[in-house]
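One structure is given below, encoded as C-alpha cells.
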Amino acid sequence: MHRFESSRIRVALVGYGNAGRIFHAPLISAVPGLHLHTVVSSKAPLVLGDWPEVRVCSTLQEALSDPSLDLVVVATGNDSHFSVAQAALAAGKHVVVDKPCTVTLQETQTLLQLASAKGLLLTVFQNRRWDADFLGLQQVLAQGSLGRIAHFESHFDRYRPSVPDRWREKDMPGSGLWFDLGSHLVDQALTLFGAPADILLDLGTQRDGAEVNDYFHAVLRYPHLQDLRVVLHGSTLVAGLGPRFAVHGTHGSWVKFGLDTQEDTLKSGERPVWGDPAWGADPTPARITTAAADGLATQEIALPHGNYPQFYAAVAQALRSGGEVPVSPDQVQAAMQLLTLGGESARSGRFVPVPPLPVI
C-alpha cells in the first residue's frame, strides 16, 4: 500500500448528489492531511459555489487520468458503485465507496479481490459507527453493565409519507430502504455481535406511489450466543418515534431515543472543524435500568460525542502508516452478504442460513 508521510492525500469525489455534497465533501475537507482536489460532476456551478478551489471534471476518465490523485470516493447511485470503483482500482487509486459497497455479494467480492491483488485500500463509508449513541452503546457493552445480551433492537424510522423523486425510490438494483438505511443497521449489528446463524427479512412497500420497499423488519438469530435475537427495523411511516436502540440483558436494559445529530447538522450547511469539542454532541442521554436493592433503578447516561470525520481520519492513517482500515474487507463482505441473503429471505418468506465467507 502506498505511503504518504509528508504530502497531503489528494482525493477525488465522484458524484455530487446528497451523499457527496452533504456528507463526503465536508468530512474529507475537515480531516488534516486530506485534500479535496477533484470532484467528478455535471453540476460544476454548484460544486464551485461550495468549493471554489477544487477542480471539476465532467467524466470519471478525466479524473482517473490524473496521476497525482491518490484516493477516489464513490458517492454515485448504488447501481454504479461497482463500475466506478472497479475503474478507480484498475487505475491504481485507493477507493472509499459509500454504503452499500455494491448491489450484489459477487460484485463486492470482485472489488475486494482486485484491491487485494493491487495492494490498494478499498473500504466502505459506514459513518454511523461514529454515531454518539452507537459509541455509547459500545462503551456500555464493553463494561458488562447489562450482563449477557439476550435481545437487541435497532430502529431507523422516519415519517416521510410522500415519495420523493430520486433514484433511491425507483425500481432499480440497490434501491429501497433495506439497501439504504438497512446497510447502517446491518453493519452496526455485525460490529457488535458478528455474523448470525441465519436471517429472516420482511419487506414492505407501504406508501402511496412507492415503487420499492419502504419498510423492513429483519430478525437475526445467534444460537451460539445463547439464542440472542437481533431485530433491525426501518419504516418511512412512523410519526410517533419509539426508541432508536433497545438492548436487554441478564442484568438490565439500555434504551436510547432520538437520532444522532450529525446528519441534521451537515444538512444545515454547517461544516465540521477538526478538533471542535462541540461537534457531534447528542442532547438526548440514554437510559439504563438495572437491579437495585428495592427493585429496579433507572438512570440517565450521557453519551460520547459523535465523530463522522473520524472515518476519514482512519482512512488517512491507514494510507500513511498501513494501519487498519476503518471498515475491513471482511466486514465489507459480511455486510454485503447479509443484505443479499436478506433479499433471498424476503422472496422465500423463510429464515436463510448465513454460511462462512471466503477469506479475501
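In the C-alpha cells, chains take the letters A, B, ... in the order shown, each chain's residues start at 1, and ligands count up from 1 in the order shown.
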(Q) Can you tell me, as a list in words, which residues in range 210-325 of chain A count as alpha helix (DSSP H) by DSSP? (A)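 Going through range 210-325 of chain A, the alpha helix (DSSP H) residues come out as Gln262, Glu263, Asp264, Thr265, Leu266, Lys267, Pro309, Gln310, Phe311, Tyr312, Ala313, Ala314, Val315, Ala316, Gln317, Ala318, Leu319, Arg320 and Ser321 of chain A.
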Take the residues just selected and output them with all heavy atoms as a tab-separated table (two decimals), in the first residue's frame.
```tsv
chain	number	residue	atom	x	y	z
A	262	GLN	N	-25.55	14.50	13.88
A	262	GLN	CA	-24.58	14.94	12.87
A	262	GLN	C	-25.17	15.09	11.47
A	262	GLN	O	-24.82	16.01	10.73
A	262	GLN	CB	-23.39	13.98	12.84
A	262	GLN	CG	-22.55	14.01	14.10
A	262	GLN	CD	-21.47	12.96	14.08
A	262	GLN	OE1	-20.34	13.20	13.62
A	262	GLN	NE2	-21.80	11.78	14.58
A	263	GLU	N	-26.08	14.19	11.09
A	263	GLU	CA	-26.68	14.30	9.77
A	263	GLU	C	-27.43	15.63	9.62
A	263	GLU	O	-27.27	16.33	8.61
A	263	GLU	CB	-27.62	13.13	9.49
A	263	GLU	CG	-28.30	13.24	8.13
A	263	GLU	CD	-29.13	12.01	7.78
A	263	GLU	OE1	-29.04	10.99	8.49
A	263	GLU	OE2	-29.89	12.10	6.80
A	264	ASP	N	-28.26	15.96	10.61
A	264	ASP	CA	-29.01	17.21	10.53
A	264	ASP	C	-28.07	18.42	10.53
A	264	ASP	O	-28.34	19.43	9.85
A	264	ASP	CB	-30.00	17.32	11.69
A	264	ASP	CG	-31.22	16.42	11.49
A	264	ASP	OD1	-31.45	15.98	10.36
A	264	ASP	OD2	-31.92	16.17	12.49
A	265	THR	N	-27.00	18.34	11.29
A	265	THR	CA	-26.04	19.44	11.31
A	265	THR	C	-25.41	19.64	9.94
A	265	THR	O	-25.26	20.77	9.45
A	265	THR	CB	-24.95	19.18	12.36
A	265	THR	OG1	-25.56	19.00	13.64
A	265	THR	CG2	-23.97	20.35	12.44
A	266	LEU	N	-25.02	18.54	9.31
A	266	LEU	CA	-24.43	18.63	7.97
A	266	LEU	C	-25.46	19.13	6.96
A	266	LEU	O	-25.14	19.93	6.07
A	266	LEU	CB	-23.88	17.27	7.55
A	266	LEU	CG	-22.62	16.80	8.29
A	266	LEU	CD1	-22.37	15.32	8.07
A	266	LEU	CD2	-21.41	17.61	7.84
A	267	LYS	N	-26.69	18.67	7.07
A	267	LYS	CA	-27.73	19.12	6.14
A	267	LYS	C	-28.00	20.61	6.28
A	267	LYS	O	-28.41	21.26	5.30
A	267	LYS	CB	-29.03	18.34	6.39
A	267	LYS	CG	-29.01	16.93	5.84
A	267	LYS	CD	-30.32	16.22	6.10
A	267	LYS	CE	-30.36	14.86	5.45
A	267	LYS	NZ	-31.62	14.13	5.72
A	309	PRO	N	-16.09	12.67	11.09
A	309	PRO	CA	-14.77	12.88	10.47
A	309	PRO	C	-13.76	11.80	10.82
A	309	PRO	O	-12.79	11.60	10.08
A	309	PRO	CB	-14.34	14.24	11.03
A	309	PRO	CG	-15.62	14.95	11.33
A	309	PRO	CD	-16.55	13.87	11.82
A	310	GLN	N	-13.98	11.08	11.92
A	310	GLN	CA	-13.02	10.06	12.33
A	310	GLN	C	-12.93	8.94	11.31
A	310	GLN	O	-11.88	8.28	11.19
A	310	GLN	CB	-13.41	9.48	13.70
A	310	GLN	CG	-12.40	8.50	14.27
A	310	GLN	CD	-11.01	9.10	14.42
A	310	GLN	OE1	-10.87	10.24	14.85
A	310	GLN	NE2	-9.98	8.35	14.05
A	311	PHE	N	-13.99	8.68	10.55
A	311	PHE	CA	-13.90	7.67	9.48
A	311	PHE	C	-12.79	8.04	8.51
A	311	PHE	O	-11.92	7.23	8.20
A	311	PHE	CB	-15.23	7.54	8.73
A	311	PHE	CG	-15.10	6.71	7.48
A	311	PHE	CD1	-15.22	5.33	7.54
A	311	PHE	CD2	-14.84	7.30	6.24
A	311	PHE	CE1	-15.07	4.55	6.39
A	311	PHE	CE2	-14.70	6.54	5.09
A	311	PHE	CZ	-14.81	5.16	5.17
A	312	TYR	N	-12.81	9.28	8.02
A	312	TYR	CA	-11.80	9.69	7.05
A	312	TYR	C	-10.42	9.86	7.69
A	312	TYR	O	-9.40	9.65	7.04
A	312	TYR	CB	-12.23	10.96	6.32
A	312	TYR	CG	-13.11	10.64	5.14
A	312	TYR	CD1	-14.46	10.95	5.15
A	312	TYR	CD2	-12.59	10.02	4.02
A	312	TYR	CE1	-15.28	10.64	4.08
A	312	TYR	CE2	-13.40	9.69	2.94
A	312	TYR	CZ	-14.73	10.00	2.97
A	312	TYR	OH	-15.53	9.67	1.90
A	313	ALA	N	-10.38	10.20	8.97
A	313	ALA	CA	-9.08	10.24	9.66
A	313	ALA	C	-8.48	8.85	9.71
A	313	ALA	O	-7.25	8.68	9.55
A	313	ALA	CB	-9.26	10.80	11.07
A	314	ALA	N	-9.32	7.82	9.91
A	314	ALA	CA	-8.83	6.45	9.93
A	314	ALA	C	-8.37	6.01	8.55
A	314	ALA	O	-7.38	5.27	8.42
A	314	ALA	CB	-9.92	5.51	10.46
A	315	VAL	N	-9.05	6.45	7.50
A	315	VAL	CA	-8.60	6.16	6.14
A	315	VAL	C	-7.22	6.78	5.90
A	315	VAL	O	-6.31	6.12	5.38
A	315	VAL	CB	-9.62	6.68	5.10
A	315	VAL	CG1	-9.04	6.62	3.69
A	315	VAL	CG2	-10.92	5.88	5.18
A	316	ALA	N	-7.07	8.03	6.28
A	316	ALA	CA	-5.78	8.70	6.09
A	316	ALA	C	-4.68	7.99	6.87
A	316	ALA	O	-3.56	7.80	6.36
A	316	ALA	CB	-5.88	10.16	6.54
A	317	GLN	N	-4.98	7.58	8.09
A	317	GLN	CA	-3.99	6.87	8.89
A	317	GLN	C	-3.61	5.54	8.26
A	317	GLN	O	-2.43	5.16	8.26
A	317	GLN	CB	-4.54	6.64	10.30
A	317	GLN	CG	-3.59	5.92	11.25
A	317	GLN	CD	-2.36	6.75	11.57
A	317	GLN	OE1	-2.36	7.98	11.42
A	317	GLN	NE2	-1.29	6.08	11.99
A	318	ALA	N	-4.58	4.83	7.72
A	318	ALA	CA	-4.29	3.56	7.06
A	318	ALA	C	-3.39	3.75	5.84
A	318	ALA	O	-2.48	2.95	5.60
A	318	ALA	CB	-5.60	2.88	6.65
A	319	LEU	N	-3.62	4.81	5.09
A	319	LEU	CA	-2.79	5.08	3.91
A	319	LEU	C	-1.39	5.53	4.31
A	319	LEU	O	-0.41	5.17	3.65
A	319	LEU	CB	-3.46	6.13	3.04
A	319	LEU	CG	-4.74	5.70	2.33
A	319	LEU	CD1	-5.36	6.86	1.57
A	319	LEU	CD2	-4.47	4.54	1.38
A	320	ARG	N	-1.30	6.29	5.37
A	320	ARG	CA	0.02	6.83	5.75
A	320	ARG	C	0.89	5.79	6.45
A	320	ARG	O	2.09	5.72	6.19
A	320	ARG	CB	-0.17	8.03	6.68
A	320	ARG	CG	-0.71	9.26	5.97
A	320	ARG	CD	-0.67	10.48	6.87
A	320	ARG	NE	-1.22	11.62	6.19
A	320	ARG	CZ	-0.58	12.36	5.29
A	320	ARG	NH1	0.66	12.03	4.97
A	320	ARG	NH2	-1.15	13.39	4.71
A	321	SER	N	0.31	4.99	7.32
A	321	SER	CA	1.14	4.11	8.15
A	321	SER	C	0.80	2.64	8.01
A	321	SER	O	1.39	1.80	8.68
A	321	SER	CB	0.98	4.51	9.63
A	321	SER	OG	-0.35	4.33	10.05
```
Q: Compile the contact shell of His94 in chain A as a PyMOL selection string: residues with an atom at most 12 Å away, counting only C-alpha atoms, same-chain residues fewer than 2 positions apart removed.
A: chain A and resi 1-3+9-13+64+69-74+85-92+96-97+111-112+114-116+118-124+315-316+318-319+325
Output C-alpha atoms of each residue in that selection to a file, as a compact mmCIF listing (two decimals), in the first residue's frame.
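Everything below was put into selection_28.txt:
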```txt
# COMPACT_ATOMS: atom_id res chain seq x y z
CA MET A 1 0.00 0.00 0.00
CA HIS A 2 1.26 3.47 -0.85
CA ARG A 3 2.53 5.71 1.94
CA ILE A 9 -3.50 12.78 0.21
CA ARG A 10 -5.29 14.03 -2.89
CA VAL A 11 -8.93 12.96 -3.05
CA ALA A 12 -11.33 12.78 -5.98
CA LEU A 13 -15.02 12.72 -5.09
CA LEU A 64 -8.58 8.90 -13.25
CA LEU A 69 -4.79 11.63 -7.34
CA ASP A 70 -4.44 9.09 -4.54
CA LEU A 71 -7.93 8.30 -3.29
CA VAL A 72 -11.29 8.07 -5.08
CA VAL A 73 -14.53 8.38 -3.11
CA VAL A 74 -17.56 6.86 -4.85
CA ALA A 85 -14.85 1.53 -8.03
CA GLN A 86 -13.55 -1.07 -10.45
CA ALA A 87 -12.30 1.63 -12.82
CA ALA A 88 -10.64 3.51 -9.96
CA LEU A 89 -8.87 0.40 -8.66
CA ALA A 90 -7.76 -0.52 -12.18
CA ALA A 91 -6.23 2.97 -12.43
CA GLY A 92 -4.23 2.33 -9.25
CA VAL A 96 -13.84 4.57 -0.47
CA VAL A 97 -17.35 3.54 -1.54
CA LEU A 111 -13.76 -5.47 -5.99
CA LEU A 112 -12.14 -6.79 -2.80
CA LEU A 114 -8.98 -6.63 -7.24
CA ALA A 115 -7.95 -4.29 -4.42
CA SER A 116 -6.04 -7.08 -2.69
CA LYS A 118 -3.16 -4.46 -6.48
CA GLY A 119 -2.26 -3.71 -2.86
CA LEU A 120 -4.86 -0.95 -2.67
CA LEU A 121 -7.25 0.16 0.05
CA LEU A 122 -10.94 -0.49 -0.50
CA THR A 123 -13.36 0.34 2.27
CA VAL A 124 -16.99 1.38 2.71
CA VAL A 315 -8.60 6.16 6.14
CA ALA A 316 -5.78 8.70 6.09
CA ALA A 318 -4.29 3.56 7.06
CA LEU A 319 -2.79 5.08 3.91
CA VAL A 325 -8.85 0.42 7.59
```
Under the rule of at most 9 Å, produce a per-residue listing of range 111-207 of chain A near range 237-260 of chain A: chain, number, name, the closest pair of atoms, and the distance in Å, as JSON lines, using only C-alpha atoms.
```
{"residue": "A:Arg128", "atom": "CA", "partner": "A:Asp260", "partner_atom": "CA", "distance": 8.6}
{"residue": "A:Asp131", "atom": "CA", "partner": "A:Asp260", "partner_atom": "CA", "distance": 5.7}
{"residue": "A:Ala132", "atom": "CA", "partner": "A:Asp260", "partner_atom": "CA", "distance": 6.0}
{"residue": "A:Asp133", "atom": "CA", "partner": "A:Asp260", "partner_atom": "CA", "distance": 6.7}
{"residue": "A:Phe134", "atom": "CA", "partner": "A:Phe245", "partner_atom": "CA", "distance": 8.8}
{"residue": "A:Leu137", "atom": "CA", "partner": "A:Trp254", "partner_atom": "CA", "distance": 8.0}
{"residue": "A:Val140", "atom": "CA", "partner": "A:Trp254", "partner_atom": "CA", "distance": 8.4}
{"residue": "A:Gly144", "atom": "CA", "partner": "A:His251", "partner_atom": "CA", "distance": 8.8}
{"residue": "A:Ser145", "atom": "CA", "partner": "A:His251", "partner_atom": "CA", "distance": 6.8}
{"residue": "A:Leu146", "atom": "CA", "partner": "A:His251", "partner_atom": "CA", "distance": 4.6}
{"residue": "A:Gly147", "atom": "CA", "partner": "A:His251", "partner_atom": "CA", "distance": 4.8}
{"residue": "A:Arg148", "atom": "CA", "partner": "A:Gly249", "partner_atom": "CA", "distance": 5.2}
{"residue": "A:Ile149", "atom": "CA", "partner": "A:Gly249", "partner_atom": "CA", "distance": 4.1}
{"residue": "A:Ala150", "atom": "CA", "partner": "A:Gly249", "partner_atom": "CA", "distance": 5.2}
{"residue": "A:His151", "atom": "CA", "partner": "A:His248", "partner_atom": "CA", "distance": 5.2}
{"residue": "A:Phe152", "atom": "CA", "partner": "A:Val247", "partner_atom": "CA", "distance": 4.6}
{"residue": "A:Glu153", "atom": "CA", "partner": "A:Ala246", "partner_atom": "CA", "distance": 5.1}
{"residue": "A:Ser154", "atom": "CA", "partner": "A:Phe245", "partner_atom": "CA", "distance": 4.8}
{"residue": "A:His155", "atom": "CA", "partner": "A:Arg244", "partner_atom": "CA", "distance": 5.0}
{"residue": "A:Phe156", "atom": "CA", "partner": "A:Arg244", "partner_atom": "CA", "distance": 6.5}
{"residue": "A:Asp157", "atom": "CA", "partner": "A:Val238", "partner_atom": "CA", "distance": 6.1}
{"residue": "A:Arg158", "atom": "CA", "partner": "A:Val238", "partner_atom": "CA", "distance": 5.5}
{"residue": "A:Tyr159", "atom": "CA", "partner": "A:Leu237", "partner_atom": "CA", "distance": 4.7}
{"residue": "A:Arg160", "atom": "CA", "partner": "A:Leu237", "partner_atom": "CA", "distance": 6.2}
{"residue": "A:Pro161", "atom": "CA", "partner": "A:Leu237", "partner_atom": "CA", "distance": 6.0}
{"residue": "A:Gln206", "atom": "CA", "partner": "A:Leu237", "partner_atom": "CA", "distance": 8.1}
{"residue": "A:Arg207", "atom": "CA", "partner": "A:Leu237", "partner_atom": "CA", "distance": 7.7}
```
Q. With distances taken over only C-alpha atoms, which of A:Pro223, A:Gly194, A:Pro67, A:Pro173 is nearest to Gln331 in chain A?
A.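 The shortest atom-to-atom distance to Gln331 in chain A comes from A:Gly194.
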If we count only C-alpha atoms, what is near range 48-62 of chain A at a cut-off of 6 Å, once residues fewer than 5 positions away on the same chain are taken out, given as a PDB file with N, CA, C and O atoms, in the first residue's frame?
```pdb
ATOM      1  N   HIS A  37      -9.384  17.507  -3.872  1.00  0.00           N
ATOM      2  CA  HIS A  37      -8.718  18.084  -5.040  1.00  0.00           C
ATOM      3  C   HIS A  37      -9.639  18.150  -6.260  1.00  0.00           C
ATOM      4  O   HIS A  37      -9.638  19.136  -7.002  1.00  0.00           O
ATOM      5  N   THR A  38     -10.447  17.086  -6.460  1.00  0.00           N
ATOM      6  CA  THR A  38     -11.248  16.948  -7.674  1.00  0.00           C
ATOM      7  C   THR A  38     -12.642  16.467  -7.328  1.00  0.00           C
ATOM      8  O   THR A  38     -12.810  15.636  -6.428  1.00  0.00           O
ATOM      9  N   VAL A  39     -13.629  16.984  -8.046  1.00  0.00           N
ATOM     10  CA  VAL A  39     -14.993  16.468  -7.952  1.00  0.00           C
ATOM     11  C   VAL A  39     -15.454  16.125  -9.362  1.00  0.00           C
ATOM     12  O   VAL A  39     -15.341  16.955 -10.279  1.00  0.00           O
ATOM     13  N   VAL A  40     -15.937  14.907  -9.535  1.00  0.00           N
ATOM     14  CA  VAL A  40     -16.499  14.491 -10.820  1.00  0.00           C
ATOM     15  C   VAL A  40     -18.000  14.713 -10.759  1.00  0.00           C
ATOM     16  O   VAL A  40     -18.711  14.060  -9.978  1.00  0.00           O
ATOM     17  N   SER A  41     -18.482  15.643 -11.567  1.00  0.00           N
ATOM     18  CA  SER A  41     -19.892  16.003 -11.508  1.00  0.00           C
ATOM     19  C   SER A  41     -20.283  16.773 -12.755  1.00  0.00           C
ATOM     20  O   SER A  41     -19.448  17.459 -13.365  1.00  0.00           O
ATOM     21  N   SER A  42     -21.562  16.681 -13.103  1.00  0.00           N
ATOM     22  CA  SER A  42     -22.109  17.504 -14.191  1.00  0.00           C
ATOM     23  C   SER A  42     -22.627  18.838 -13.659  1.00  0.00           C
ATOM     24  O   SER A  42     -23.145  19.653 -14.429  1.00  0.00           O
TER      25      SER A  42
END
```
(Q) Among range 85-269 of chain A, which residues does DSSP mark as strand (DSSP E or B) when it is run on the backbone? Keep the chain and numbering as in the structure and answer as a PyMOL selection string. (A) chain A and resi 94-98+122-125+149-157+159+198-204+215-222+228-235+237+243-249+252-257
Next, the residues of the selection above should be written as a short mmCIF file (atom, residue, chain, number, x, y, z; two decimals), in the first residue's frame with C-alpha atoms.
```cif
data_model
loop_
_atom_site.label_atom_id
_atom_site.label_comp_id
_atom_site.auth_asym_id
_atom_site.auth_seq_id
_atom_site.Cartn_x
_atom_site.Cartn_y
_atom_site.Cartn_z
CA HIS A 94 -7.36 3.69 -3.36
CA VAL A 95 -11.15 3.66 -3.00
CA VAL A 96 -13.84 4.57 -0.47
CA VAL A 97 -17.35 3.54 -1.54
CA ASP A 98 -20.50 4.95 0.02
CA LEU A 122 -10.94 -0.49 -0.50
CA THR A 123 -13.36 0.34 2.27
CA VAL A 124 -16.99 1.38 2.71
CA PHE A 125 -18.32 4.58 4.28
CA ILE A 149 -27.29 -9.63 25.92
CA ALA A 150 -30.48 -11.52 25.08
CA HIS A 151 -32.31 -9.08 22.81
CA PHE A 152 -31.03 -6.20 20.69
CA GLU A 153 -33.39 -3.95 18.78
CA SER A 154 -32.27 -1.23 16.38
CA HIS A 155 -34.79 1.07 14.67
CA PHE A 156 -34.21 3.63 11.94
CA ASP A 157 -37.72 5.02 11.49
CA TYR A 159 -42.08 9.93 8.86
CA ASP A 198 -29.50 -17.06 9.86
CA ILE A 199 -31.66 -14.13 8.85
CA LEU A 200 -35.38 -13.55 8.24
CA LEU A 201 -36.37 -10.37 6.40
CA ASP A 202 -39.82 -8.95 5.75
CA LEU A 203 -40.04 -6.14 3.20
CA GLY A 204 -43.00 -3.86 2.52
CA TYR A 215 -40.39 -0.87 5.26
CA PHE A 216 -38.15 -3.65 6.54
CA HIS A 217 -38.09 -5.89 9.58
CA ALA A 218 -35.18 -8.29 9.95
CA VAL A 219 -34.58 -10.93 12.63
CA LEU A 220 -31.05 -12.27 13.09
CA ARG A 221 -30.62 -15.42 15.20
CA TYR A 222 -27.46 -16.19 17.21
CA LEU A 228 -29.54 -13.90 21.17
CA ARG A 229 -32.09 -12.23 18.92
CA VAL A 230 -31.25 -9.10 16.93
CA VAL A 231 -34.08 -7.10 15.36
CA LEU A 232 -33.36 -4.48 12.68
CA HIS A 233 -36.31 -2.33 11.68
CA GLY A 234 -36.88 0.61 9.38
CA SER A 235 -40.00 2.40 8.18
CA LEU A 237 -44.42 5.88 8.08
CA PRO A 243 -36.52 4.03 20.75
CA ARG A 244 -33.59 4.15 18.35
CA PHE A 245 -31.94 1.36 20.37
CA ALA A 246 -33.38 -1.01 22.97
CA VAL A 247 -30.91 -3.51 24.40
CA HIS A 248 -31.89 -6.07 27.05
CA GLY A 249 -29.57 -8.30 29.01
CA GLY A 252 -30.60 -4.75 32.80
CA SER A 253 -31.67 -2.71 29.79
CA TRP A 254 -30.25 0.23 27.84
CA VAL A 255 -32.60 2.44 25.80
CA LYS A 256 -31.90 5.44 23.59
CA PHE A 257 -34.42 7.73 21.87
#
```
Which residues of range 132-183 of chain A have any atom within 12 Å of an atom in range 338-343 of chain A when counting only C-alpha atoms, and what is the closest pair of atoms for each, with the distance in Å to one decimal? Order the rows by chain and rising number and write it as JSON lines.
```
{"residue": "A:Pro173", "atom": "CA", "partner": "A:Thr340", "partner_atom": "CA", "distance": 11.5}
{"residue": "A:Gly174", "atom": "CA", "partner": "A:Leu339", "partner_atom": "CA", "distance": 10.0}
{"residue": "A:Ser175", "atom": "CA", "partner": "A:Leu339", "partner_atom": "CA", "distance": 12.0}
{"residue": "A:Gly176", "atom": "CA", "partner": "A:Gly343", "partner_atom": "CA", "distance": 11.3}
{"residue": "A:Leu177", "atom": "CA", "partner": "A:Leu339", "partner_atom": "CA", "distance": 11.2}
{"residue": "A:Trp178", "atom": "CA", "partner": "A:Leu339", "partner_atom": "CA", "distance": 7.5}
{"residue": "A:Phe179", "atom": "CA", "partner": "A:Leu339", "partner_atom": "CA", "distance": 6.9}
{"residue": "A:Asp180", "atom": "CA", "partner": "A:Leu339", "partner_atom": "CA", "distance": 10.2}
{"residue": "A:Leu181", "atom": "CA", "partner": "A:Leu339", "partner_atom": "CA", "distance": 11.0}
{"residue": "A:Gly182", "atom": "CA", "partner": "A:Leu339", "partner_atom": "CA", "distance": 7.8}
{"residue": "A:Ser183", "atom": "CA", "partner": "A:Leu339", "partner_atom": "CA", "distance": 7.1}
```
**Q.** Coordinates-based distance that separates CA of Pro164 in chain A from CA of Lys99 in chain A (Å, one decimal)
**A.**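 We find that CA of Lys99 in chain A and CA of Pro164 in chain A lie 20.1 Å from each other.
Counting only C-alpha atoms, the residue from A:Lys43, A:Ala197, A:Gln138, A:Leu296 that sits nearest to Val354 in chain A is A:Ala197.
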Q | Between CA of Ala142 in chain A and CA of Pro272 in chain A - distance in Å to one decimal | A |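 Between these atoms lies a distance of 28.6 Å.
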Q: Considering only C-alpha atoms, return as an NGL selection string whatever protein or nucleic-acid residues lie within 8 Å of Trp279 in chain A, sequence-local ones (same chain, fewer than 2 positions apart) excluded.
A: :A and (262 or 272-273 or 276-277 or 281 or 305-307)
Take the residues that were just selected and, keeping N, CA and C atoms, output them as a tab-separated table (two decimals), in the first residue's frame.
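Result saved to again-v7.tsv:
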```
chain	number	residue	atom	x	y	z
A	262	GLN	N	-25.55	14.50	13.88
A	262	GLN	CA	-24.58	14.94	12.87
A	262	GLN	C	-25.17	15.09	11.47
A	272	PRO	N	-17.89	20.52	9.61
A	272	PRO	CA	-17.11	20.18	10.81
A	272	PRO	C	-15.72	20.77	10.75
A	273	VAL	N	-15.19	21.10	11.91
A	273	VAL	CA	-13.82	21.58	12.06
A	273	VAL	C	-13.09	20.57	12.93
A	276	ASP	N	-13.09	20.22	16.94
A	276	ASP	CA	-14.13	21.05	17.54
A	276	ASP	C	-14.79	20.29	18.68
A	277	PRO	N	-14.68	20.76	19.93
A	277	PRO	CA	-15.23	20.00	21.06
A	277	PRO	C	-16.74	19.96	21.09
A	281	ALA	N	-22.28	16.50	19.56
A	281	ALA	CA	-22.93	16.37	20.86
A	281	ALA	C	-24.37	15.90	20.67
A	305	HIS	N	-19.35	12.15	22.27
A	305	HIS	CA	-19.71	12.88	21.07
A	305	HIS	C	-19.58	12.00	19.84
A	306	GLY	N	-20.52	12.16	18.91
A	306	GLY	CA	-20.37	11.51	17.62
A	306	GLY	C	-19.21	12.13	16.84
A	307	ASN	N	-18.70	11.40	15.85
A	307	ASN	CA	-17.48	11.88	15.19
A	307	ASN	C	-17.35	11.30	13.78
```
Q: Tell me, as a ChimeraX atom specification, which residues lie within 6 Å of Pro285 in chain A, counting only C-alpha atoms; anything in the same chain fewer than 3 positions away does not count.
A: /A:300-302
Now that the selection is made, can you save its residues with all heavy atoms as a PDB file, in the first residue's frame?
```pdb
ATOM      1  N   GLU A 300     -29.970   8.157  33.824  1.00  0.00           N
ATOM      2  CA  GLU A 300     -29.562   8.666  32.517  1.00  0.00           C
ATOM      3  C   GLU A 300     -28.044   8.593  32.387  1.00  0.00           C
ATOM      4  O   GLU A 300     -27.316   8.786  33.373  1.00  0.00           O
ATOM      5  CB  GLU A 300     -30.036  10.104  32.331  1.00  0.00           C
ATOM      6  CG  GLU A 300     -31.547  10.228  32.243  1.00  0.00           C
ATOM      7  CD  GLU A 300     -31.989  11.637  31.907  1.00  0.00           C
ATOM      8  OE1 GLU A 300     -31.166  12.581  32.071  1.00  0.00           O
ATOM      9  OE2 GLU A 300     -33.142  11.815  31.492  1.00  0.00           O
ATOM     10  N   ILE A 301     -27.594   8.316  31.164  1.00  0.00           N
ATOM     11  CA  ILE A 301     -26.169   8.219  30.888  1.00  0.00           C
ATOM     12  C   ILE A 301     -25.842   9.142  29.721  1.00  0.00           C
ATOM     13  O   ILE A 301     -26.396   8.986  28.619  1.00  0.00           O
ATOM     14  CB  ILE A 301     -25.752   6.781  30.548  1.00  0.00           C
ATOM     15  CG1 ILE A 301     -26.029   5.851  31.727  1.00  0.00           C
ATOM     16  CG2 ILE A 301     -24.286   6.716  30.166  1.00  0.00           C
ATOM     17  CD1 ILE A 301     -25.632   4.415  31.474  1.00  0.00           C
ATOM     18  N   ALA A 302     -24.965  10.091  29.950  1.00  0.00           N
ATOM     19  CA  ALA A 302     -24.521  10.968  28.863  1.00  0.00           C
ATOM     20  C   ALA A 302     -23.721  10.167  27.848  1.00  0.00           C
ATOM     21  O   ALA A 302     -23.068   9.172  28.187  1.00  0.00           O
ATOM     22  CB  ALA A 302     -23.681  12.110  29.422  1.00  0.00           C
TER      23      ALA A 302
END
```
List every residue of range 198-299 of chain A that has an atom at most 12 Å from any atom of range 165-168 of chain A, and for each one report the closest atom pair and its distance in Å to one decimal, counting only C-alpha atoms, with rows sorted by chain and then by increasing residue number, as a Markdown table.
```
| residue | atom | partner | partner_atom | distance |
| --- | --- | --- | --- | --- |
| A:Gly209 | CA | A:Asp165 | CA | 10.7 |
| A:Ala210 | CA | A:Asp165 | CA | 10.3 |
| A:Glu211 | CA | A:Arg168 | CA | 9.8 |
| A:Val212 | CA | A:Arg168 | CA | 8.5 |
| A:Asn213 | CA | A:Arg168 | CA | 10.0 |
| A:Asp214 | CA | A:Arg168 | CA | 10.2 |
```
